[in-house]
>>> print(open('input14.cif').read())   # mmCIF, C-alpha atoms
data_work
#
loop_
_atom_site.group_PDB
_atom_site.id
_atom_site.type_symbol
_atom_site.label_atom_id
_atom_site.label_comp_id
_atom_site.auth_asym_id
_atom_site.auth_seq_id
_atom_site.Cartn_x
_atom_site.Cartn_y
_atom_site.Cartn_z
ATOM 1 C CA MET K 1 5.602 19.689 0.479
ATOM 2 C CA ASN K 2 4.105 20.978 3.708
ATOM 3 C CA VAL K 3 3.138 18.255 6.156
ATOM 4 C CA SER K 4 0.882 18.963 9.101
ATOM 5 C CA LYS K 5 2.247 18.837 12.638
ATOM 6 C CA TRP K 6 -0.458 16.253 13.339
ATOM 7 C CA LEU K 7 0.949 13.900 10.709
ATOM 8 C CA ILE K 8 4.458 14.223 12.126
ATOM 9 C CA SER K 9 3.289 13.481 15.670
ATOM 10 C CA ALA K 10 1.049 10.637 14.519
ATOM 11 C CA THR K 11 3.901 8.809 12.820
ATOM 12 C CA ALA K 12 6.718 9.643 15.214
ATOM 13 C CA ALA K 13 5.602 7.094 17.789
ATOM 14 C CA LEU K 14 5.274 4.246 15.298
ATOM 15 C CA THR K 15 7.994 1.697 14.636
ATOM 16 C CA LEU K 16 8.169 1.924 10.877
ATOM 17 C CA ALA K 17 8.956 -0.884 8.494
ATOM 18 C CA ALA K 18 12.236 -1.501 6.762
ATOM 19 C CA CYS K 19 11.883 -1.779 3.016
ATOM 20 C CA GLY K 20 12.874 -5.302 2.053
ATOM 21 C CA GLY K 21 13.699 -6.420 5.606
ATOM 22 C CA SER K 22 12.575 -9.550 7.421
ATOM 23 C CA ASN K 23 9.490 -10.345 9.465
ATOM 24 C CA SER K 24 8.586 -12.187 12.619
ATOM 25 C CA GLY K 25 5.158 -13.485 13.546
ATOM 26 C CA SER K 26 2.917 -16.113 12.077
ATOM 27 C CA GLY K 27 -0.641 -14.954 11.645
ATOM 28 C CA GLY K 28 -3.084 -12.196 10.890
ATOM 29 C CA SER K 29 -6.689 -11.485 10.181
ATOM 30 C CA THR K 30 -8.279 -12.254 6.837
ATOM 31 C CA GLY K 31 -11.195 -9.902 7.552
ATOM 32 C CA VAL K 32 -11.838 -6.532 5.960
ATOM 33 C CA VAL K 33 -11.050 -3.540 8.185
ATOM 34 C CA GLU K 34 -11.889 0.137 7.889
ATOM 35 C CA GLY K 35 -10.163 1.669 4.889
ATOM 36 C CA ASP K 36 -9.659 -1.584 2.986
ATOM 37 C CA VAL K 37 -10.336 -1.565 -0.743
ATOM 38 C CA VAL K 38 -10.956 -5.128 -1.899
ATOM 39 C CA LEU K 39 -9.803 -6.113 -5.369
ATOM 40 C CA GLY K 40 -11.877 -9.030 -6.584
ATOM 41 C CA ASP K 41 -14.845 -11.034 -5.385
ATOM 42 C CA ALA K 42 -15.352 -10.724 -1.633
ATOM 43 C CA SER K 43 -16.228 -14.438 -1.515
ATOM 44 C CA ALA K 44 -13.019 -15.603 -3.248
ATOM 45 C CA PRO K 45 -11.466 -18.535 -1.330
ATOM 46 C CA VAL K 46 -7.971 -17.045 -1.004
ATOM 47 C CA THR K 47 -7.324 -13.697 0.674
ATOM 48 C CA ILE K 48 -4.029 -11.958 -0.043
ATOM 49 C CA ILE K 49 -3.163 -8.906 2.030
ATOM 50 C CA GLU K 50 -0.087 -6.870 1.183
ATOM 51 C CA TYR K 51 1.427 -4.412 3.640
ATOM 52 C CA ALA K 52 3.525 -2.077 1.547
ATOM 53 C CA SER K 53 4.755 1.471 1.070
ATOM 54 C CA ILE K 54 4.848 3.600 -2.044
ATOM 55 C CA THR K 55 8.366 4.687 -1.005
ATOM 56 C CA CYS K 56 9.685 1.114 -0.816
ATOM 57 C CA SER K 57 11.684 -0.021 -3.858
ATOM 58 C CA HIS K 58 10.953 -3.699 -3.154
ATOM 59 C CA CYS K 59 7.250 -2.870 -3.107
ATOM 60 C CA ALA K 60 7.580 -1.196 -6.498
ATOM 61 C CA THR K 61 9.226 -4.346 -7.839
ATOM 62 C CA PHE K 62 6.388 -6.434 -6.388
ATOM 63 C CA SER K 63 3.840 -4.131 -8.023
ATOM 64 C CA GLN K 64 5.506 -4.399 -11.407
ATOM 65 C CA GLU K 65 6.468 -8.076 -11.409
ATOM 66 C CA VAL K 66 4.068 -9.994 -9.146
ATOM 67 C CA MET K 67 0.839 -7.983 -9.109
ATOM 68 C CA PRO K 68 -0.026 -8.868 -12.731
ATOM 69 C CA THR K 69 -0.086 -12.537 -11.692
ATOM 70 C CA ILE K 70 -2.226 -11.774 -8.643
ATOM 71 C CA GLU K 71 -4.593 -9.788 -10.842
ATOM 72 C CA GLU K 72 -4.921 -12.793 -13.146
ATOM 73 C CA ARG K 73 -5.880 -14.965 -10.177
ATOM 74 C CA VAL K 74 -8.314 -12.274 -9.031
ATOM 75 C CA GLU K 75 -9.952 -12.336 -12.475
ATOM 76 C CA ALA K 76 -10.150 -16.129 -12.277
ATOM 77 C CA GLY K 77 -12.070 -15.841 -9.003
ATOM 78 C CA ASP K 78 -9.386 -17.563 -6.921
ATOM 79 C CA VAL K 79 -8.196 -14.521 -4.980
ATOM 80 C CA LYS K 80 -9.328 -11.310 -3.376
ATOM 81 C CA PHE K 81 -6.507 -8.840 -2.755
ATOM 82 C CA ILE K 82 -6.165 -6.038 -0.218
ATOM 83 C CA PHE K 83 -3.393 -3.431 -0.105
ATOM 84 C CA ARG K 84 -2.683 -1.804 3.253
ATOM 85 C CA GLY K 85 -0.284 1.086 3.604
ATOM 86 C CA PHE K 86 2.706 0.574 5.924
ATOM 87 C CA PRO K 87 4.994 3.565 5.356
ATOM 88 C CA THR K 88 8.742 3.493 4.949
ATOM 89 C CA GLN K 89 10.961 6.559 4.799
ATOM 90 C CA PRO K 90 10.306 9.268 3.754
ATOM 91 C CA VAL K 91 7.181 8.744 5.865
ATOM 92 C CA GLU K 92 5.503 12.022 4.868
ATOM 93 C CA ILE K 93 5.640 11.084 1.190
ATOM 94 C CA ALA K 94 4.482 7.523 1.807
ATOM 95 C CA MET K 95 1.466 8.565 3.847
ATOM 96 C CA ALA K 96 0.543 11.350 1.429
ATOM 97 C CA GLY K 97 0.669 8.878 -1.452
ATOM 98 C CA HIS K 98 -1.527 6.421 0.393
ATOM 99 C CA ALA K 99 -3.947 9.249 1.194
ATOM 100 C CA ILE K 100 -4.206 10.223 -2.477
ATOM 101 C CA ALA K 101 -5.091 6.638 -3.400
ATOM 102 C CA HIS K 102 -7.919 6.646 -0.859
ATOM 103 C CA CYS K 103 -9.188 10.084 -1.842
ATOM 104 C CA ALA K 104 -9.332 9.127 -5.520
ATOM 105 C CA GLY K 105 -12.039 6.622 -4.638
ATOM 106 C CA GLU K 106 -12.312 2.847 -4.648
ATOM 107 C CA ASP K 107 -12.612 2.611 -8.421
ATOM 108 C CA ARG K 108 -9.269 4.409 -8.842
ATOM 109 C CA PHE K 109 -7.483 3.224 -5.699
ATOM 110 C CA TYR K 110 -5.326 0.565 -7.357
ATOM 111 C CA ASP K 111 -4.722 2.724 -10.417
ATOM 112 C CA VAL K 112 -3.210 5.391 -8.160
ATOM 113 C CA LEU K 113 -0.989 2.845 -6.422
ATOM 114 C CA HIS K 114 0.216 1.530 -9.760
ATOM 115 C CA ASP K 115 0.958 5.084 -10.892
ATOM 116 C CA LEU K 116 2.908 5.875 -7.701
ATOM 117 C CA PHE K 117 4.999 2.716 -7.925
ATOM 118 C CA GLU K 118 5.640 3.187 -11.635
ATOM 119 C CA ASN K 119 6.823 6.744 -11.002
ATOM 120 C CA GLN K 120 8.643 6.080 -7.736
ATOM 121 C CA THR K 121 12.029 7.141 -9.125
ATOM 122 C CA ASN K 122 10.583 10.453 -10.300
ATOM 123 C CA ILE K 123 8.993 11.034 -6.900
ATOM 124 C CA PHE K 124 12.324 10.433 -5.166
ATOM 125 C CA GLN K 125 14.018 12.837 -7.566
ATOM 126 C CA ALA K 126 11.338 15.444 -6.838
ATOM 127 C CA ALA K 127 11.972 14.969 -3.109
ATOM 128 C CA ARG K 128 15.658 15.727 -3.664
ATOM 129 C CA THR K 129 14.836 18.913 -5.567
ATOM 130 C CA GLY K 130 12.113 20.120 -3.202
ATOM 131 C CA THR K 131 9.254 19.629 -5.666
ATOM 132 C CA VAL K 132 7.668 16.460 -4.313
ATOM 133 C CA GLY K 133 4.442 18.306 -3.501
ATOM 134 C CA ASP K 134 4.098 19.203 -7.174
ATOM 135 C CA ALA K 135 4.836 15.602 -8.190
ATOM 136 C CA LEU K 136 2.198 14.217 -5.849
ATOM 137 C CA GLN K 137 -0.309 16.842 -6.937
ATOM 138 C CA ALA K 138 0.295 15.851 -10.555
ATOM 139 C CA THR K 139 -0.382 12.233 -9.619
ATOM 140 C CA ALA K 140 -3.607 13.248 -7.891
ATOM 141 C CA ALA K 141 -4.664 15.270 -10.938
ATOM 142 C CA ARG K 142 -4.179 12.266 -13.227
ATOM 143 C CA HIS K 143 -6.772 10.458 -11.133
ATOM 144 C CA GLY K 144 -9.428 13.121 -10.874
ATOM 145 C CA LEU K 145 -8.424 15.234 -7.856
ATOM 146 C CA ASP K 146 -8.144 18.969 -8.404
ATOM 147 C CA GLU K 147 -5.764 21.174 -6.427
ATOM 148 C CA ALA K 148 -8.260 21.940 -3.655
ATOM 149 C CA GLU K 149 -9.166 18.261 -3.297
ATOM 150 C CA PHE K 150 -5.492 17.311 -3.218
ATOM 151 C CA ARG K 151 -4.751 19.796 -0.446
ATOM 152 C CA ALA K 152 -7.769 18.701 1.576
ATOM 153 C CA CYS K 153 -6.817 15.063 1.107
ATOM 154 C CA THR K 154 -3.228 15.459 2.303
ATOM 155 C CA ARG K 155 -4.464 17.338 5.387
ATOM 156 C CA ASN K 156 -7.251 14.911 6.278
ATOM 157 C CA GLN K 157 -6.517 13.979 9.893
ATOM 158 C CA ASP K 158 -9.258 11.321 10.012
ATOM 159 C CA LEU K 159 -7.638 9.537 7.079
ATOM 160 C CA TYR K 160 -4.188 9.648 8.683
ATOM 161 C CA GLU K 161 -5.652 8.329 11.939
ATOM 162 C CA GLN K 162 -7.213 5.471 10.000
ATOM 163 C CA MET K 163 -3.863 4.671 8.402
ATOM 164 C CA SER K 164 -2.115 4.878 11.775
ATOM 165 C CA ASN K 165 -4.553 2.299 13.144
ATOM 166 C CA VAL K 166 -3.681 -0.016 10.257
ATOM 167 C CA ILE K 167 0.015 0.379 11.068
ATOM 168 C CA ARG K 168 -0.503 -0.460 14.738
ATOM 169 C CA ASP K 169 -2.597 -3.533 13.873
ATOM 170 C CA ALA K 170 0.069 -4.653 11.394
ATOM 171 C CA GLN K 171 2.804 -4.352 13.988
ATOM 172 C CA ALA K 172 0.735 -6.457 16.384
ATOM 173 C CA GLN K 173 0.564 -9.131 13.665
ATOM 174 C CA GLY K 174 4.343 -9.200 13.246
ATOM 175 C CA VAL K 175 4.798 -6.915 10.253
ATOM 176 C CA ARG K 176 8.321 -5.493 10.333
ATOM 177 C CA ALA K 177 9.195 -5.130 6.660
ATOM 178 C CA THR K 178 7.710 -4.200 3.317
ATOM 179 C CA PRO K 179 6.314 -5.787 1.371
ATOM 180 C CA THR K 180 4.776 -8.292 3.784
ATOM 181 C CA ILE K 181 2.306 -10.718 2.259
ATOM 182 C CA PHE K 182 -0.399 -12.546 4.184
ATOM 183 C CA ILE K 183 -2.183 -15.455 2.518
ATOM 184 C CA ASN K 184 -5.316 -16.562 4.327
ATOM 185 C CA GLY K 185 -4.058 -15.016 7.540
ATOM 186 C CA GLU K 186 -0.510 -16.391 7.513
ATOM 187 C CA ILE K 187 2.648 -14.437 6.729
ATOM 188 C CA ALA K 188 4.136 -15.795 3.513
ATOM 189 C CA GLY K 189 7.838 -16.289 2.989
ATOM 190 C CA PRO K 190 10.036 -14.592 0.389
ATOM 191 C CA GLU K 191 8.725 -16.958 -2.284
ATOM 192 C CA ALA K 192 5.546 -14.857 -2.300
ATOM 193 C CA GLN K 193 7.540 -12.099 -3.971
ATOM 194 C CA THR K 194 8.051 -14.058 -7.191
ATOM 195 C CA THR K 195 5.543 -14.936 -9.892
ATOM 196 C CA GLU K 196 6.157 -18.671 -9.601
ATOM 197 C CA GLY K 197 6.114 -18.556 -5.814
ATOM 198 C CA ILE K 198 2.866 -16.633 -5.481
ATOM 199 C CA ASN K 199 1.130 -19.015 -7.885
ATOM 200 C CA GLU K 200 2.328 -22.014 -5.885
ATOM 201 C CA LEU K 201 1.173 -20.447 -2.622
ATOM 202 C CA ILE K 202 -2.252 -19.635 -4.074
ATOM 203 C CA ASP K 203 -2.590 -23.189 -5.397
ATOM 204 C CA ALA K 204 -1.627 -24.588 -1.994
ATOM 205 C CA ALA K 205 -4.189 -22.349 -0.259
ATOM 206 C CA LEU K 206 -6.868 -23.509 -2.698
ATOM 207 C CA ALA K 207 -5.965 -27.128 -2.015
ATOM 208 C CA ASP K 208 -6.431 -26.574 1.715
#
>>> encode(input="input14.cif", output="structure tokens")
Amino acid sequence: MNVSKWLISATAALTLAACGGSNSGSGGSTGVVEGDVVLGDASAPVTIIEYASITCSHCATFSQEVMPTIEERVEAGDVKFIFRGFPTQPVEIAMAGHAIAHCAGEDRFYDVLHDLFENQTNIFQAARTGTVGDALQATAARHGLDEAEFRACTRNQDLYEQMSNVIRDAQAQGVRATPTIFINGEIAGPEAQTTEGINELIDAALAD
């Protein structure tokens, strides 16, 4: 796919995450920032923020295995969840995927992310064959974006600037790997990436 020179320059200066690596740092904000799409009741007592990339295999595993549990706790009113994009290689694909999720609208934001993670292997295969633009456009079409809207979305410099700001803020909070999970402002350990672990961490946060 064609990627604007602006996107390349905007991401070149950023220290990007390693998929599945380790983190340093101890805290972060629990507040909503520009671009956040909140899943659940804004007044829920536990805030979970995930920094992740649609090109990270560990993030795809988290989406498939742990997110259903988080969604159950969201439905129960215990949790509000926020996904923030933190791109891993290939950066152009990751940022384009995140852009599509935003452009589809808040009601479809998490549906797009689920679609991208579920089809991650196909997207990687398309990248190898030079057809990743078509694959991403097909994803956009499944969620209501026509070809013109898709092209405008993946060239939206304001949106990429917004995402770049999120990346810089994440780095300042100690994010070095994806997925990174914050629970009520604190970076969670690897136990947050299991169903049992995330439930225990949510219960502990509720008890506090």
>>> residues_around(input="input14.cif", residues="Arg73 of chain K", least_positions_apart="3", cutoff="12 Å", atoms="all atoms listed in the file", output="short mmCIF file (atom, residue, chain, number, x, y, z; two decimals) with C-alpha atoms, in the coordinates of the input")
data_model
loop_
_atom_site.label_atom_id
_atom_site.label_comp_id
_atom_site.auth_asym_id
_atom_site.auth_seq_id
_atom_site.Cartn_x
_atom_site.Cartn_y
_atom_site.Cartn_z
CA LEU K 39 -9.80 -6.11 -5.37
CA GLY K 40 -11.88 -9.03 -6.58
CA ASP K 41 -14.84 -11.03 -5.38
CA ALA K 44 -13.02 -15.60 -3.25
CA PRO K 45 -11.47 -18.54 -1.33
CA VAL K 46 -7.97 -17.05 -1.00
CA THR K 47 -7.32 -13.70 0.67
CA ILE K 48 -4.03 -11.96 -0.04
CA VAL K 66 4.07 -9.99 -9.15
CA MET K 67 0.84 -7.98 -9.11
CA PRO K 68 -0.03 -8.87 -12.73
CA THR K 69 -0.09 -12.54 -11.69
CA ILE K 70 -2.23 -11.77 -8.64
CA ALA K 76 -10.15 -16.13 -12.28
CA GLY K 77 -12.07 -15.84 -9.00
CA ASP K 78 -9.39 -17.56 -6.92
CA VAL K 79 -8.20 -14.52 -4.98
CA LYS K 80 -9.33 -11.31 -3.38
CA PHE K 81 -6.51 -8.84 -2.76
CA THR K 195 5.54 -14.94 -9.89
CA ILE K 198 2.87 -16.63 -5.48
CA ASN K 199 1.13 -19.02 -7.88
CA GLU K 200 2.33 -22.01 -5.88
CA LEU K 201 1.17 -20.45 -2.62
CA ILE K 202 -2.25 -19.64 -4.07
CA ASP K 203 -2.59 -23.19 -5.40
CA LEU K 206 -6.87 -23.51 -2.70
#
>>> resolve_selection(input="input14.cif", expression="the PyMOL selection byres ((chain K and resi 64) around 12)", output="ChimeraX atom specification")
/K:57-63,65-71,113-120,193-195
>>> residues_around(input="input14.cif", residues="Ala140 of chain K", least_positions_apart="4", cutoff="8 Å", atoms="only C-alpha atoms", output="list of chain:residue names")
K:Ile100, K:Ala104, K:Val112, K:Leu136, K:Gly144, K:Leu145, K:Asp146, K:Phe150
>>> write_last_selection(input="input14.cif", atoms="C-alpha atoms", output="PDB file, in the frame of the given file")
ATOM      1  CA  ILE K 100      -4.206  10.223  -2.477  1.00  0.00           C
ATOM      2  CA  ALA K 104      -9.332   9.127  -5.520  1.00  0.00           C
ATOM      3  CA  VAL K 112      -3.210   5.391  -8.160  1.00  0.00           C
ATOM      4  CA  LEU K 136       2.198  14.217  -5.849  1.00  0.00           C
ATOM      5  CA  GLY K 144      -9.428  13.121 -10.874  1.00  0.00           C
ATOM      6  CA  LEU K 145      -8.424  15.234  -7.856  1.00  0.00           C
ATOM      7  CA  ASP K 146      -8.144  18.969  -8.404  1.00  0.00           C
ATOM      8  CA  PHE K 150      -5.492  17.311  -3.218  1.00  0.00           C
TER       9      PHE K 150
END
>>> resolve_selection(input="input14.cif", expression="the PyMOL selection byres ((chain K and resi 83-87) around 10)", output="MDAnalysis selection string")
chainID K and resid 11 14:19 33 35:39 48:56 81:82 88:99 109:110 113 163:164 166:168 170:171 175:181
>>> write_last_selection(input="input14.cif", atoms="C-alpha atoms", output="PDB file, keeping the file's coordinate frame")
ATOM      1  CA  THR K  11       3.901   8.809  12.820  1.00  0.00           C
ATOM      2  CA  LEU K  14       5.274   4.246  15.298  1.00  0.00           C
ATOM      3  CA  THR K  15       7.994   1.697  14.636  1.00  0.00           C
ATOM      4  CA  LEU K  16       8.169   1.924  10.877  1.00  0.00           C
ATOM      5  CA  ALA K  17       8.956  -0.884   8.494  1.00  0.00           C
ATOM      6  CA  ALA K  18      12.236  -1.501   6.762  1.00  0.00           C
ATOM      7  CA  CYS K  19      11.883  -1.779   3.016  1.00  0.00           C
ATOM      8  CA  VAL K  33     -11.050  -3.540   8.185  1.00  0.00           C
ATOM      9  CA  GLY K  35     -10.163   1.669   4.889  1.00  0.00           C
ATOM     10  CA  ASP K  36      -9.659  -1.584   2.986  1.00  0.00           C
ATOM     11  CA  VAL K  37     -10.336  -1.565  -0.743  1.00  0.00           C
ATOM     12  CA  VAL K  38     -10.956  -5.128  -1.899  1.00  0.00           C
ATOM     13  CA  LEU K  39      -9.803  -6.113  -5.369  1.00  0.00           C
ATOM     14  CA  ILE K  48      -4.029 -11.958  -0.043  1.00  0.00           C
ATOM     15  CA  ILE K  49      -3.163  -8.906   2.030  1.00  0.00           C
ATOM     16  CA  GLU K  50      -0.087  -6.870   1.183  1.00  0.00           C
ATOM     17  CA  TYR K  51       1.427  -4.412   3.640  1.00  0.00           C
ATOM     18  CA  ALA K  52       3.525  -2.077   1.547  1.00  0.00           C
ATOM     19  CA  SER K  53       4.755   1.471   1.070  1.00  0.00           C
ATOM     20  CA  ILE K  54       4.848   3.600  -2.044  1.00  0.00           C
ATOM     21  CA  THR K  55       8.366   4.687  -1.005  1.00  0.00           C
ATOM     22  CA  CYS K  56       9.685   1.114  -0.816  1.00  0.00           C
ATOM     23  CA  PHE K  81      -6.507  -8.840  -2.755  1.00  0.00           C
ATOM     24  CA  ILE K  82      -6.165  -6.038  -0.218  1.00  0.00           C
ATOM     25  CA  THR K  88       8.742   3.493   4.949  1.00  0.00           C
ATOM     26  CA  GLN K  89      10.961   6.559   4.799  1.00  0.00           C
ATOM     27  CA  PRO K  90      10.306   9.268   3.754  1.00  0.00           C
ATOM     28  CA  VAL K  91       7.181   8.744   5.865  1.00  0.00           C
ATOM     29  CA  GLU K  92       5.503  12.022   4.868  1.00  0.00           C
ATOM     30  CA  ILE K  93       5.640  11.084   1.190  1.00  0.00           C
ATOM     31  CA  ALA K  94       4.482   7.523   1.807  1.00  0.00           C
ATOM     32  CA  MET K  95       1.466   8.565   3.847  1.00  0.00           C
ATOM     33  CA  ALA K  96       0.543  11.350   1.429  1.00  0.00           C
ATOM     34  CA  GLY K  97       0.669   8.878  -1.452  1.00  0.00           C
ATOM     35  CA  HIS K  98      -1.527   6.421   0.393  1.00  0.00           C
ATOM     36  CA  ALA K  99      -3.947   9.249   1.194  1.00  0.00           C
ATOM     37  CA  PHE K 109      -7.483   3.224  -5.699  1.00  0.00           C
ATOM     38  CA  TYR K 110      -5.326   0.565  -7.357  1.00  0.00           C
ATOM     39  CA  LEU K 113      -0.989   2.845  -6.422  1.00  0.00           C
ATOM     40  CA  MET K 163      -3.863   4.671   8.402  1.00  0.00           C
ATOM     41  CA  SER K 164      -2.115   4.878  11.775  1.00  0.00           C
ATOM     42  CA  VAL K 166      -3.681  -0.016  10.257  1.00  0.00           C
ATOM     43  CA  ILE K 167       0.015   0.379  11.068  1.00  0.00           C
ATOM     44  CA  ARG K 168      -0.503  -0.460  14.738  1.00  0.00           C
ATOM     45  CA  ALA K 170       0.069  -4.653  11.394  1.00  0.00           C
ATOM     46  CA  GLN K 171       2.804  -4.352  13.988  1.00  0.00           C
ATOM     47  CA  VAL K 175       4.798  -6.915  10.253  1.00  0.00           C
ATOM     48  CA  ARG K 176       8.321  -5.493  10.333  1.00  0.00           C
ATOM     49  CA  ALA K 177       9.195  -5.130   6.660  1.00  0.00           C
ATOM     50  CA  THR K 178       7.710  -4.200   3.317  1.00  0.00           C
ATOM     51  CA  PRO K 179       6.314  -5.787   1.371  1.00  0.00           C
ATOM     52  CA  THR K 180       4.776  -8.292   3.784  1.00  0.00           C
ATOM     53  CA  ILE K 181       2.306 -10.718   2.259  1.00  0.00           C
TER      54      ILE K 181
END
>>> axis_aligned_box(input="input14.cif", around="segment 38-48 of chain K", padding_each_side="6 Å", output="lines of an AutoDock Vina configuration file")
center_x = -10.1
center_y = -11.8
center_z = -3.0
size_x = 24.2
size_y = 25.4
size_z = 19.3
>>> atom_distance(input="input14.cif", atom1="atom CA of Thr131 of chain K", atom2="atom CA of Glu106 of chain K")
27.3 Å
>>> atom_distance(input="input14.cif", atom1="atom CA of Gly20 of chain K", atom2="atom CA of Pro190 of chain K")
9.9 Å
>>> atom_distance(input="input14.cif", atom1="atom CA of Ala188 of chain K", atom2="atom CA of Asn23 of chain K")
9.7 Å
>>> closest_residue(input="input14.cif", among="K:Ile187, K:Asp158, K:Ala127, K:Ala172", to="Cys103 of chain K", atoms="only C-alpha atoms")
K:Asp158
